[in-house]
>>> print(open('target-v8.cif').read())   # mmCIF, C-alpha atoms and all ligand atoms
data_my_file
loop_
_atom_site.label_atom_id
_atom_site.label_comp_id
_atom_site.auth_asym_id
_atom_site.auth_seq_id
_atom_site.Cartn_x
_atom_site.Cartn_y
_atom_site.Cartn_z
CA MET A 1 -4.58 -18.57 -23.95
CA ALA A 2 -4.23 -18.87 -27.71
CA GLN A 3 -0.61 -18.88 -28.79
CA THR A 4 0.49 -17.49 -32.15
CA PHE A 5 3.86 -17.46 -33.88
CA GLU A 6 4.22 -13.91 -32.51
CA THR A 7 3.55 -14.86 -28.88
CA ILE A 8 5.85 -17.89 -29.15
CA ARG A 9 8.62 -15.65 -30.52
CA LYS A 10 8.74 -13.93 -27.11
CA TYR A 11 10.05 -17.08 -25.39
CA PRO A 12 13.79 -17.87 -25.31
CA ALA A 13 15.21 -20.17 -27.99
CA VAL A 14 17.73 -22.97 -27.63
CA ASP A 15 21.20 -22.22 -28.97
CA GLU A 16 24.17 -24.44 -29.63
CA VAL A 17 25.71 -23.91 -26.20
CA LEU A 18 22.53 -24.95 -24.38
CA ALA A 19 21.87 -27.88 -26.73
CA LYS A 20 25.41 -29.11 -26.16
CA LYS A 21 25.06 -28.89 -22.41
CA ALA A 22 21.74 -30.75 -22.58
CA ILE A 23 23.00 -33.52 -24.84
CA ILE A 24 26.13 -34.06 -22.71
CA GLN A 25 23.85 -34.44 -19.70
CA ALA A 26 21.55 -36.84 -21.57
CA VAL A 27 24.45 -38.92 -22.88
CA SER A 28 25.88 -39.24 -19.38
CA ILE A 29 22.54 -40.62 -18.15
CA ILE A 30 22.41 -43.08 -21.06
CA ARG A 31 25.93 -44.19 -20.14
CA GLU A 32 24.91 -44.75 -16.51
CA ASP A 33 21.90 -46.76 -17.71
CA LEU A 34 23.81 -49.14 -19.98
CA PRO A 35 24.64 -51.82 -17.38
CA MET A 36 20.94 -52.24 -16.59
CA PHE A 37 19.64 -51.75 -20.11
CA THR A 38 21.81 -53.63 -22.58
CA GLU A 39 20.67 -57.23 -22.16
CA HIS A 40 17.33 -55.86 -21.00
CA PHE A 41 15.24 -52.87 -22.08
CA PRO A 42 13.68 -50.10 -20.03
CA SER A 43 9.95 -50.36 -19.30
CA SER A 44 7.76 -48.08 -21.46
CA ASN A 45 7.55 -45.50 -18.70
CA SER A 46 9.36 -44.85 -15.46
CA PHE A 47 7.94 -45.54 -11.99
CA ALA A 48 8.59 -42.68 -9.53
CA GLY A 49 11.30 -41.58 -11.96
CA PHE A 50 12.96 -44.93 -12.63
CA TYR A 51 12.60 -47.35 -15.50
CA LYS A 52 12.56 -51.04 -14.67
CA PRO A 53 14.24 -53.68 -16.82
CA THR A 54 11.99 -55.65 -19.19
CA GLU A 55 12.37 -58.12 -22.03
CA ASN A 56 12.10 -56.93 -25.62
CA VAL A 57 8.29 -56.56 -25.60
CA GLU A 58 5.66 -53.85 -26.24
CA TRP A 59 5.94 -51.10 -28.87
CA THR A 60 8.47 -49.02 -27.01
CA THR A 61 11.83 -50.81 -26.80
CA GLY A 62 13.22 -49.42 -30.08
CA PHE A 63 13.27 -45.91 -28.64
CA TRP A 64 15.93 -46.88 -26.14
CA THR A 65 18.11 -48.53 -28.80
CA GLY A 66 17.61 -45.43 -30.93
CA ALA A 67 18.74 -43.20 -28.07
CA ILE A 68 21.86 -45.35 -27.69
CA TRP A 69 22.60 -44.96 -31.42
CA LEU A 70 22.26 -41.19 -31.05
CA ALA A 71 24.66 -41.27 -28.08
CA TYR A 72 27.05 -43.24 -30.29
CA GLU A 73 26.75 -40.67 -33.06
CA TYR A 74 27.40 -37.81 -30.65
CA THR A 75 30.37 -39.35 -28.86
CA GLY A 76 31.82 -41.89 -31.32
CA ASP A 77 32.32 -44.08 -28.24
CA ASP A 78 32.25 -47.80 -29.07
CA VAL A 79 30.62 -48.63 -25.75
CA PHE A 80 27.32 -47.33 -27.19
CA LYS A 81 27.76 -49.15 -30.51
CA GLN A 82 28.40 -52.45 -28.72
CA ALA A 83 25.33 -52.06 -26.52
CA ALA A 84 23.11 -51.14 -29.48
CA GLU A 85 24.40 -54.16 -31.41
CA VAL A 86 23.43 -56.50 -28.55
CA GLN A 87 19.94 -55.04 -28.87
CA VAL A 88 19.86 -55.38 -32.64
CA ASP A 89 20.41 -59.13 -32.14
CA SER A 90 17.46 -59.12 -29.76
CA PHE A 91 15.29 -57.40 -32.40
CA LEU A 92 16.26 -60.00 -35.01
CA GLU A 93 15.17 -62.75 -32.61
CA ARG A 94 12.00 -60.86 -31.80
CA ILE A 95 10.84 -60.61 -35.40
CA LYS A 96 11.94 -64.15 -36.24
CA ASN A 97 9.97 -65.50 -33.27
CA LYS A 98 7.10 -63.04 -33.80
CA THR A 99 7.24 -62.01 -30.15
CA ASP A 100 4.59 -59.40 -29.31
CA VAL A 101 4.33 -58.11 -32.88
CA ASN A 102 0.61 -58.58 -33.59
CA HIS A 103 0.24 -54.83 -34.17
CA HIS A 104 1.44 -52.09 -36.52
CA ASP A 105 4.32 -50.63 -34.50
CA MET A 106 7.10 -52.13 -36.62
CA GLY A 107 8.47 -48.66 -37.44
CA PHE A 108 8.77 -47.53 -33.85
CA LEU A 109 10.50 -50.80 -33.01
CA PHE A 110 12.69 -51.47 -36.03
CA SER A 111 13.45 -48.08 -37.65
CA LEU A 112 15.23 -46.75 -34.60
CA SER A 113 17.05 -49.96 -33.72
CA CYS A 114 17.73 -51.84 -36.94
CA VAL A 115 17.34 -49.36 -39.82
CA ALA A 116 19.55 -47.05 -37.73
CA ALA A 117 22.13 -49.83 -37.28
CA TYR A 118 22.14 -50.60 -41.00
CA LYS A 119 22.47 -46.95 -41.97
CA LEU A 120 25.23 -46.23 -39.45
CA THR A 121 27.30 -49.42 -39.63
CA GLY A 122 26.05 -51.51 -42.57
CA ASN A 123 24.98 -54.27 -40.13
CA GLU A 124 23.42 -56.96 -42.38
CA LYS A 125 21.57 -58.69 -39.53
CA ALA A 126 19.90 -55.37 -38.78
CA LYS A 127 18.87 -55.01 -42.43
CA GLU A 128 17.42 -58.53 -42.40
CA ALA A 129 15.44 -57.80 -39.22
CA ALA A 130 14.13 -54.48 -40.53
CA LEU A 131 13.04 -56.02 -43.85
CA MET A 132 11.27 -58.83 -42.00
CA ALA A 133 9.53 -56.17 -39.90
CA ALA A 134 8.50 -54.29 -43.05
CA ASP A 135 7.05 -57.51 -44.49
CA HIS A 136 5.22 -58.14 -41.26
CA LEU A 137 3.75 -54.63 -41.30
CA ALA A 138 2.81 -54.98 -44.97
CA GLY A 139 0.74 -58.01 -43.91
CA ARG A 140 -1.51 -55.62 -41.97
CA TYR A 141 -2.41 -53.64 -45.10
CA ARG A 142 -6.11 -53.84 -45.92
CA GLU A 143 -6.89 -53.26 -49.59
CA ASN A 144 -10.52 -52.78 -48.61
CA GLY A 145 -10.10 -49.24 -47.29
CA LYS A 146 -6.40 -48.92 -48.25
CA PHE A 147 -4.92 -48.64 -44.77
CA LEU A 148 -2.73 -50.46 -42.25
CA GLN A 149 -4.80 -51.95 -39.46
CA ALA A 150 -3.32 -50.82 -36.17
CA TRP A 151 -4.34 -53.38 -33.61
CA GLY A 152 -5.82 -56.84 -33.21
CA ASN A 153 -5.91 -59.68 -35.68
CA VAL A 154 -5.92 -58.44 -39.26
CA GLY A 155 -9.40 -58.31 -40.74
CA GLU A 156 -11.08 -58.49 -37.32
CA ALA A 157 -14.30 -56.43 -37.49
CA SER A 158 -13.95 -54.87 -34.02
CA GLU A 159 -10.47 -53.54 -34.87
CA TYR A 160 -10.96 -52.47 -38.50
CA ARG A 161 -9.41 -49.05 -38.00
CA LEU A 162 -6.35 -46.89 -38.44
CA ILE A 163 -4.71 -44.66 -35.85
CA ILE A 164 -2.74 -41.45 -36.23
CA ASP A 165 0.37 -42.89 -34.53
CA CYS A 166 0.81 -45.20 -37.54
CA LEU A 167 2.23 -42.32 -39.60
CA LEU A 168 5.54 -42.97 -37.81
CA ASN A 169 5.42 -46.61 -38.90
CA LEU A 170 5.32 -45.69 -42.60
CA PRO A 171 9.02 -44.80 -43.02
CA ILE A 172 10.11 -48.43 -42.62
CA LEU A 173 7.94 -49.21 -45.65
CA TYR A 174 9.42 -46.37 -47.73
CA TRP A 175 12.89 -47.52 -46.64
CA ALA A 176 12.13 -51.14 -47.57
CA SER A 177 11.18 -50.04 -51.08
CA GLU A 178 14.41 -48.07 -51.36
CA VAL A 179 16.67 -50.95 -50.35
CA THR A 180 14.82 -53.74 -52.18
CA GLY A 181 13.72 -51.80 -55.27
CA ASP A 182 10.24 -53.26 -54.69
CA GLY A 183 7.75 -50.39 -54.76
CA HIS A 184 4.84 -52.23 -53.15
CA TYR A 185 5.87 -51.27 -49.61
CA ALA A 186 5.98 -47.56 -50.42
CA LYS A 187 2.68 -47.79 -52.28
CA MET A 188 0.99 -49.16 -49.15
CA ALA A 189 2.48 -46.36 -47.07
CA GLU A 190 1.34 -43.74 -49.57
CA ASN A 191 -2.17 -45.20 -49.70
CA HIS A 192 -2.30 -45.36 -45.92
CA ILE A 193 -1.41 -41.72 -45.35
CA ARG A 194 -3.87 -40.64 -48.03
CA THR A 195 -6.69 -42.58 -46.34
CA ALA A 196 -5.63 -41.36 -42.90
CA MET A 197 -5.54 -37.71 -43.87
CA GLN A 198 -8.95 -37.97 -45.51
CA CYS A 199 -10.61 -38.99 -42.27
CA ILE A 200 -8.43 -38.11 -39.31
CA LEU A 201 -8.11 -34.34 -39.75
CA ARG A 202 -11.08 -32.33 -38.54
CA GLU A 203 -12.23 -28.99 -39.94
CA ASP A 204 -10.66 -27.10 -37.04
CA ASP A 205 -7.32 -28.86 -37.81
CA SER A 206 -7.37 -31.04 -34.72
CA THR A 207 -7.12 -34.78 -35.26
CA TYR A 208 -8.94 -37.94 -34.28
CA HIS A 209 -6.82 -40.54 -32.57
CA THR A 210 -8.40 -43.54 -34.31
CA TYR A 211 -10.83 -43.95 -37.20
CA PHE A 212 -12.91 -46.99 -38.09
CA ILE A 213 -13.27 -48.09 -41.70
CA ASP A 214 -16.51 -49.68 -42.89
CA MET A 215 -15.71 -53.31 -43.70
CA GLU A 216 -18.45 -53.52 -46.33
CA THR A 217 -17.68 -50.39 -48.32
CA GLY A 218 -14.05 -49.69 -47.39
CA LYS A 219 -15.08 -46.09 -46.64
CA PRO A 220 -14.11 -44.16 -43.48
CA SER A 221 -16.86 -44.61 -40.93
CA TYR A 222 -16.33 -42.80 -37.61
CA GLY A 223 -13.59 -41.55 -35.27
CA VAL A 224 -13.07 -42.46 -31.64
CA THR A 225 -10.32 -41.84 -29.18
CA HIS A 226 -8.27 -44.43 -27.37
CA GLN A 227 -5.92 -42.20 -25.35
CA GLY A 228 -7.42 -38.73 -25.73
CA ASN A 229 -9.79 -37.08 -23.28
CA ARG A 230 -12.84 -37.24 -25.57
CA ASN A 231 -13.69 -38.71 -28.94
CA ASN A 232 -13.77 -35.17 -30.31
CA SER A 233 -10.80 -33.71 -28.43
CA ALA A 234 -7.20 -33.40 -29.60
CA TRP A 235 -4.93 -35.82 -27.75
CA ALA A 236 -1.65 -33.87 -27.60
CA ARG A 237 0.60 -36.78 -28.55
CA GLY A 238 -1.72 -37.81 -31.37
CA GLN A 239 -1.51 -34.30 -32.82
CA ALA A 240 2.30 -34.51 -32.51
CA TRP A 241 2.37 -37.90 -34.27
CA GLY A 242 0.47 -36.10 -37.04
CA ILE A 243 3.08 -33.33 -37.26
CA TYR A 244 6.09 -35.60 -37.48
CA GLY A 245 4.30 -38.30 -39.48
CA ILE A 246 3.30 -35.89 -42.23
CA ALA A 247 6.83 -34.42 -42.33
CA LEU A 248 8.32 -37.92 -42.73
CA SER A 249 5.98 -38.84 -45.55
CA TYR A 250 6.84 -35.53 -47.19
CA HIS A 251 10.52 -36.45 -46.88
CA TYR A 252 9.92 -39.61 -48.90
CA LEU A 253 7.11 -38.57 -51.26
CA LYS A 254 7.76 -34.86 -51.86
CA ASP A 255 4.03 -34.53 -52.50
CA ASP A 256 3.29 -30.84 -52.02
CA SER A 257 -0.27 -31.47 -50.89
CA TYR A 258 1.25 -32.56 -47.56
CA ILE A 259 2.69 -29.10 -46.92
CA ASP A 260 -0.72 -27.58 -46.27
CA LEU A 261 -1.70 -30.55 -44.08
CA PHE A 262 1.51 -30.20 -42.09
CA CYS A 263 0.84 -26.50 -41.50
CA ARG A 264 -2.74 -27.11 -40.40
CA VAL A 265 -1.87 -29.85 -37.90
CA THR A 266 1.17 -27.99 -36.56
CA ASP A 267 -0.56 -24.64 -36.26
CA PHE A 268 -3.30 -26.25 -34.18
CA PHE A 269 -0.68 -27.75 -31.87
CA LEU A 270 1.16 -24.44 -31.44
CA ARG A 271 -2.04 -22.42 -30.97
CA HIS A 272 -3.07 -24.64 -28.06
CA LEU A 273 0.19 -24.60 -26.11
CA PRO A 274 -0.16 -23.31 -22.56
CA GLU A 275 1.70 -20.41 -20.99
CA ASP A 276 4.91 -22.37 -20.35
CA LEU A 277 4.82 -24.17 -23.74
CA ILE A 278 4.72 -27.70 -22.26
CA PRO A 279 1.47 -29.27 -23.52
CA TYR A 280 -1.05 -30.90 -21.25
CA TRP A 281 -1.80 -34.48 -22.26
CA ASP A 282 -4.91 -33.37 -24.17
CA PHE A 283 -5.62 -29.95 -25.64
CA ASP A 284 -8.89 -29.88 -23.71
CA PHE A 285 -6.66 -28.70 -20.85
CA ASP A 286 -4.79 -25.46 -20.40
CA THR A 287 -2.91 -23.53 -17.74
CA GLY A 288 -4.49 -23.98 -14.32
CA SER A 289 -6.29 -27.23 -15.17
CA GLY A 290 -4.11 -29.23 -12.79
CA GLU A 291 -3.93 -32.01 -15.38
CA PRO A 292 -0.57 -33.65 -16.16
CA ARG A 293 1.66 -32.66 -19.06
CA ASP A 294 2.92 -34.75 -21.90
CA SER A 295 6.44 -33.50 -22.55
CA SER A 296 6.90 -36.26 -25.14
CA ALA A 297 4.30 -34.59 -27.37
CA ALA A 298 6.42 -31.45 -27.47
CA ALA A 299 9.60 -33.41 -28.22
CA ILE A 300 7.90 -35.23 -31.11
CA ALA A 301 6.51 -31.95 -32.47
CA VAL A 302 9.95 -30.30 -32.31
CA CYS A 303 11.46 -33.12 -34.39
CA GLY A 304 8.60 -32.90 -36.90
CA MET A 305 9.00 -29.15 -37.30
CA LEU A 306 12.77 -29.41 -37.64
CA GLU A 307 12.34 -32.09 -40.32
CA MET A 308 9.81 -30.06 -42.28
CA THR A 309 11.81 -26.82 -42.17
CA LYS A 310 14.38 -28.60 -44.34
CA TYR A 311 11.84 -28.43 -47.18
CA LEU A 312 9.86 -25.28 -46.39
CA GLY A 313 11.79 -22.33 -47.67
CA GLY A 314 11.72 -18.67 -46.70
CA GLU A 315 9.59 -17.09 -44.04
CA ARG A 316 7.31 -20.09 -43.57
CA GLY A 317 10.24 -22.43 -42.91
CA GLU A 318 11.77 -19.91 -40.50
CA LYS A 319 8.51 -19.64 -38.53
CA TYR A 320 8.42 -23.36 -37.75
CA LYS A 321 12.15 -23.51 -37.07
CA ASP A 322 11.84 -20.62 -34.65
CA ALA A 323 8.90 -22.26 -32.84
CA ALA A 324 10.82 -25.56 -32.63
CA TYR A 325 13.84 -23.83 -31.08
CA ARG A 326 11.67 -22.15 -28.45
CA LEU A 327 9.79 -25.34 -27.56
CA LEU A 328 13.07 -27.15 -27.17
CA TYR A 329 14.37 -24.43 -24.85
CA ALA A 330 11.25 -24.90 -22.71
CA LEU A 331 11.72 -28.67 -22.71
CA ILE A 332 15.36 -28.47 -21.65
CA GLY A 333 14.63 -26.03 -18.83
CA GLN A 334 11.44 -27.58 -17.48
CA CYS A 335 11.72 -31.27 -18.32
CA GLY A 336 15.36 -32.14 -18.98
CA ASN A 337 16.64 -34.47 -16.26
CA THR A 338 19.91 -33.25 -14.81
CA ASP A 339 20.37 -35.77 -12.03
CA TRP A 340 20.66 -39.52 -12.48
CA ARG A 341 19.84 -39.96 -8.79
CA GLN A 342 16.37 -38.43 -9.25
CA SER A 343 15.54 -40.38 -12.42
CA ASN A 344 17.24 -42.71 -14.91
CA GLY A 345 15.25 -41.14 -17.76
CA LEU A 346 16.09 -38.12 -19.91
CA LEU A 347 12.83 -36.19 -20.22
CA LEU A 348 10.60 -35.69 -17.19
CA HIS A 349 6.86 -34.92 -17.12
CA GLY A 350 5.49 -37.22 -19.78
CA THR A 351 2.16 -39.01 -19.68
CA TYR A 352 1.71 -42.41 -21.27
CA ALA A 353 -2.06 -42.60 -20.67
CA ARG A 354 -4.65 -40.86 -18.56
CA ASP A 355 -8.04 -42.25 -17.66
CA SER A 356 -11.10 -40.31 -18.82
CA GLU A 357 -14.80 -41.03 -19.25
CA GLU A 358 -14.62 -41.38 -23.04
CA ASN A 359 -11.29 -43.12 -23.48
CA THR A 360 -10.38 -46.74 -22.90
CA CYS A 361 -7.29 -46.18 -20.72
CA GLN A 362 -6.27 -46.35 -17.13
CA ASP A 363 -3.73 -43.94 -15.69
CA ARG A 364 -0.30 -45.10 -16.74
CA GLY A 365 3.06 -43.37 -16.60
CA VAL A 366 1.47 -40.11 -15.46
CA ASP A 367 4.07 -37.37 -14.87
CA GLU A 368 6.84 -39.85 -15.61
CA CYS A 369 9.56 -40.35 -18.18
CA ASN A 370 8.73 -42.51 -21.16
CA THR A 371 11.14 -44.09 -23.62
CA TRP A 372 9.79 -42.22 -26.65
CA GLY A 373 9.98 -38.86 -24.88
CA ASP A 374 13.62 -39.61 -24.11
CA TYR A 375 14.32 -40.68 -27.69
CA PHE A 376 12.71 -37.65 -29.36
CA TYR A 377 14.43 -35.33 -26.89
CA MET A 378 17.78 -36.81 -27.93
CA GLU A 379 16.81 -36.63 -31.60
CA ALA A 380 15.79 -32.97 -31.26
CA LEU A 381 19.10 -32.07 -29.60
CA THR A 382 21.02 -34.02 -32.23
CA ARG A 383 19.18 -32.14 -34.96
CA ILE A 384 20.21 -28.79 -33.44
CA LEU A 385 23.86 -29.82 -33.28
CA SER A 386 24.38 -31.65 -36.57
CA ASP A 387 23.10 -32.28 -40.03
CA TRP A 388 21.49 -35.46 -38.77
CA LYS A 389 20.65 -38.25 -41.25
CA LEU A 390 17.29 -39.81 -40.42
CA TYR A 391 16.99 -43.28 -38.90
CA TRP A 392 13.36 -43.16 -40.08
N1 LIG B 401 1.72 -45.08 -30.01
C1 LIG B 401 1.15 -45.21 -28.75
C2 LIG B 401 1.27 -43.98 -27.93
O1 LIG B 401 1.66 -42.94 -28.42
O2 LIG B 401 1.00 -44.07 -26.74
#
>>> encode(input="target-v8.cif", output="C-alpha cells")
Amino acid sequence: MAQTFETIRKYPAVDEVLAKKAIIQAVSIIREDLPMFTEHFPSSNSFAGFYKPTENVEWTTGFWTGAIWLAYEYTGDDVFKQAAEVQVDSFLERIKNKTDVNHHDMGFLFSLSCVAAYKLTGNEKAKEAALMAADHLAGRYRENGKFLQAWGNVGEASEYRLIIDCLLNLPILYWASEVTGDGHYAKMAENHIRTAMQCILREDDSTYHTYFIDMETGKPSYGVTHQGNRNNSAWARGQAWGIYGIALSYHYLKDDSYIDLFCRVTDFFLRHLPEDLIPYWDFDFDTGSGEPRDSSAAAIAVCGMLEMTKYLGGERGEKYKDAAYRLLYALIGQCGNTDWRQSNGLLLHGTYARDSEENTCQDRGVDECNTWGDYFYMEALTRILSDWKLYW
C-alpha cells in the first residue's frame, strides 16, 4: 500500500504519558545491563535477544555509551554518568591506539560517547578523544571528488566511494570546527554532503547506499548497494540515514536547499511504510512479504523528522512531527522491549544485514536488537519528553 500523510494520520500518536512509560522501561533495562556492559560493550546486535560482551571494536559501541548518557539525562542518577565515563576512557584509548578505526564511522563512535560527555559534563579527555577522531576522519577526505571515503585504505581504487550512512559522521566535523575555530573540518563536511546529494538521490527520491567516484576525473561514477536488496532498491536504513543526516547538516549549515532534499527523502520513506508502519529491511518488501523488519530504520527516521521540525515552520513542520509521533507509537507498541528476561536490548525486530543476490552481505542480526536501534529509540523518547540538546 502507498502511505500518505493522510493515511498515517489515522494511526495513534505517542503522547507524554506513553513516552514516559516507555523511557522508564528502557532506562530500567539499561540499568540491568550496566554490570555486563561498563568495562565491556554490547555486541552490534543481539543473539536470540541477548547482546554479548565485546571489546571496544566495530562501528557500533558508541550507541551504547550514548544510550547510557541519555539514561543519565533522564534520571540524573550518577550510576549512569560513572559508567559512561569508564567508556569515555576506553574511547580515548581506542583513538590513541587507532584500534579498528580504518573507516569513516568516527561520528557514530565519538559523537555519542565523547562529544556527549564533553557537552554534558565538560570532560576534557572526552573533548581530546573527539577532536582526535575528527582529525582521523578528516584524513579520509578526498579532494579529488570532494568526499569522505567510507571504507578501506584511503585512496584505494576498489574503495573509492561514499556511502549514505556517512551523513551521520559529519556532525563531529561541524562540532570540531565550532570548538577549535578551525573551519576546515566543517568545509569538508559541507563538501561531502554536497557531493553525496548530487549522486545518491535518485529521481524517484529513493537513495543509493554507496556511490563510486571516478579516481581520474573526481566525478560520481555509479551506485551499488552493500546492504540493500538490489543496487537500485531503497535499503530502509540507508533511506533513514539520509533523513536524519540531511536534518543534521541543516542544523549546522542552515542551507535552505537541504529542506527540499529532506522532504524528498522523507516522503519516500513514509510513502513506502507497510500497514503497521514498521519498515521491512528494504522497501522492495511490503506487507505479506515474510521478510524481516528493520525497526532501527524507523527509530532513526523519527529522530530525523523531530530534528527537522524544529526548523520547518507551519503546516509542513506539523506534518513531519505528526508522522514522527505516529511512527514512535508503532515502535513502542510493536518493538519496545518490556521484559529484561526476554531480551537485554531496548528495541526488538531490527535487522543488521540480510543476504540477497545483489548485495555483499550474509544474514546478520536478523529480527534482533541492535545497538543503534536501541540508541535512536532512546533519543526519540528523550526528544518527546524534553528540549533535548544534540550530542551530534
Ligand atoms: N552504518 C552501517 C549500517 O547502518 O549498518
>>> residues_near_point(input="target-v8.cif", point="(16.3, -60.1, -39.9)", cutoff="12 Å", atoms="all atoms listed in the file", output="short mmCIF file (atom, residue, chain, number, x, y, z; two decimals) with C-alpha atoms, in the frame of the given file")
data_model
loop_
_atom_site.label_atom_id
_atom_site.label_comp_id
_atom_site.auth_asym_id
_atom_site.auth_seq_id
_atom_site.Cartn_x
_atom_site.Cartn_y
_atom_site.Cartn_z
CA VAL A 88 19.86 -55.38 -32.64
CA ASP A 89 20.41 -59.13 -32.14
CA SER A 90 17.46 -59.12 -29.76
CA PHE A 91 15.29 -57.40 -32.40
CA LEU A 92 16.26 -60.00 -35.01
CA GLU A 93 15.17 -62.75 -32.61
CA ARG A 94 12.00 -60.86 -31.80
CA ILE A 95 10.84 -60.61 -35.40
CA LYS A 96 11.94 -64.15 -36.24
CA ASN A 97 9.97 -65.50 -33.27
CA LYS A 98 7.10 -63.04 -33.80
CA PHE A 110 12.69 -51.47 -36.03
CA SER A 113 17.05 -49.96 -33.72
CA CYS A 114 17.73 -51.84 -36.94
CA VAL A 115 17.34 -49.36 -39.82
CA TYR A 118 22.14 -50.60 -41.00
CA ASN A 123 24.98 -54.27 -40.13
CA GLU A 124 23.42 -56.96 -42.38
CA LYS A 125 21.57 -58.69 -39.53
CA ALA A 126 19.90 -55.37 -38.78
CA LYS A 127 18.87 -55.01 -42.43
CA GLU A 128 17.42 -58.53 -42.40
CA ALA A 129 15.44 -57.80 -39.22
CA ALA A 130 14.13 -54.48 -40.53
CA LEU A 131 13.04 -56.02 -43.85
CA MET A 132 11.27 -58.83 -42.00
CA ALA A 133 9.53 -56.17 -39.90
CA ALA A 134 8.50 -54.29 -43.05
CA ASP A 135 7.05 -57.51 -44.49
CA HIS A 136 5.22 -58.14 -41.26
#
>>> residues_around(input="target-v8.cif", residues="Ser257 of chain A", least_positions_apart="5", cutoff="12 Å", atoms="all atoms listed in the file", output="list in words")
Ile193, Arg194, Met197, Ile246, Ala247, Ser249, Tyr250, Phe262, Cys263 and Arg264 of chain A
>>> closest_atom_pairs(input="target-v8.cif", of="segment 97-179 of chain A", to="segment 45-64 of chain A", cutoff="6 Å", atoms="all atoms listed in the file", output="JSON lines")
{"residue": "A:Asp100", "atom": "CA", "partner": "A:Val57", "partner_atom": "CA", "distance": 6.0}
{"residue": "A:Asp105", "atom": "CA", "partner": "A:Trp59", "partner_atom": "CA", "distance": 5.9}
{"residue": "A:Leu109", "atom": "CA", "partner": "A:Gly62", "partner_atom": "CA", "distance": 4.2}
{"residue": "A:Leu112", "atom": "CA", "partner": "A:Gly62", "partner_atom": "CA", "distance": 5.6}
{"residue": "A:Ser113", "atom": "CA", "partner": "A:Gly62", "partner_atom": "CA", "distance": 5.3}
>>> residues_around(input="target-v8.cif", residues="segment 328-339 of chain A", least_positions_apart="3", cutoff="8 Å", atoms="all atoms listed in the file", output="list in words")
Pro12, Ala13, Val14, Ala22, Gln25, Ala26, Asp276, Leu277, Ile278, Ser295, Ala298, Ala299, Val302, Ala324, Tyr325, Gln342, Ser343, Gly345, Leu346, Leu347, Leu348, His349 and Ala380 of chain A
>>> residues_near_ligand(input="target-v8.cif", ligand="ligand LIG 401 (chain B)", cutoff="12 Å", atoms="all atoms listed in the file", output="short mmCIF file (atom, residue, chain, number, x, y, z; two decimals) with C-alpha atoms, in the frame of the given file")
data_model
loop_
_atom_site.label_atom_id
_atom_site.label_comp_id
_atom_site.auth_asym_id
_atom_site.auth_seq_id
_atom_site.Cartn_x
_atom_site.Cartn_y
_atom_site.Cartn_z
CA SER A 44 7.76 -48.08 -21.46
CA ASN A 45 7.55 -45.50 -18.70
CA GLU A 58 5.66 -53.85 -26.24
CA TRP A 59 5.94 -51.10 -28.87
CA THR A 60 8.47 -49.02 -27.01
CA PHE A 63 13.27 -45.91 -28.64
CA HIS A 103 0.24 -54.83 -34.17
CA HIS A 104 1.44 -52.09 -36.52
CA ASP A 105 4.32 -50.63 -34.50
CA MET A 106 7.10 -52.13 -36.62
CA GLY A 107 8.47 -48.66 -37.44
CA PHE A 108 8.77 -47.53 -33.85
CA LEU A 109 10.50 -50.80 -33.01
CA ALA A 150 -3.32 -50.82 -36.17
CA TRP A 151 -4.34 -53.38 -33.61
CA LEU A 162 -6.35 -46.89 -38.44
CA ILE A 163 -4.71 -44.66 -35.85
CA ILE A 164 -2.74 -41.45 -36.23
CA ASP A 165 0.37 -42.89 -34.53
CA CYS A 166 0.81 -45.20 -37.54
CA LEU A 167 2.23 -42.32 -39.60
CA LEU A 168 5.54 -42.97 -37.81
CA ASN A 169 5.42 -46.61 -38.90
CA HIS A 209 -6.82 -40.54 -32.57
CA THR A 210 -8.40 -43.54 -34.31
CA THR A 225 -10.32 -41.84 -29.18
CA HIS A 226 -8.27 -44.43 -27.37
CA GLN A 227 -5.92 -42.20 -25.35
CA GLY A 228 -7.42 -38.73 -25.73
CA TRP A 235 -4.93 -35.82 -27.75
CA ALA A 236 -1.65 -33.87 -27.60
CA ARG A 237 0.60 -36.78 -28.55
CA GLY A 238 -1.72 -37.81 -31.37
CA GLN A 239 -1.51 -34.30 -32.82
CA ALA A 240 2.30 -34.51 -32.51
CA TRP A 241 2.37 -37.90 -34.27
CA GLY A 242 0.47 -36.10 -37.04
CA GLY A 245 4.30 -38.30 -39.48
CA TRP A 281 -1.80 -34.48 -22.26
CA ASP A 294 2.92 -34.75 -21.90
CA SER A 296 6.90 -36.26 -25.14
CA ALA A 297 4.30 -34.59 -27.37
CA ILE A 300 7.90 -35.23 -31.11
CA GLY A 350 5.49 -37.22 -19.78
CA THR A 351 2.16 -39.01 -19.68
CA TYR A 352 1.71 -42.41 -21.27
CA ALA A 353 -2.06 -42.60 -20.67
CA ARG A 354 -4.65 -40.86 -18.56
CA CYS A 361 -7.29 -46.18 -20.72
CA ARG A 364 -0.30 -45.10 -16.74
CA GLY A 365 3.06 -43.37 -16.60
CA VAL A 366 1.47 -40.11 -15.46
CA ASN A 370 8.73 -42.51 -21.16
CA THR A 371 11.14 -44.09 -23.62
CA TRP A 372 9.79 -42.22 -26.65
CA GLY A 373 9.98 -38.86 -24.88
#
>>> closest_residue(input="target-v8.cif", among="A:Tyr72, A:Leu248, A:Asn229, A:Asp256", to="Gln362 of chain A", atoms="all atoms listed in the file")
A:Asn229
>>> closest_residue(input="target-v8.cif", among="A:Asp255, A:Asp205, A:Glu368, A:Glu291", to="Arg271 of chain A", atoms="only C-alpha atoms")
A:Asp205
>>> closest_residue(input="target-v8.cif", among="A:Asn153, A:Asn191, A:Thr65, A:Thr4", to="Val101 of chain A", atoms="all atoms listed in the file")
A:Asn153
>>> atom_distance(input="target-v8.cif", atom1="atom CA of Ala176 of chain A", atom2="atom CA of His251 of chain A")
14.8 Å
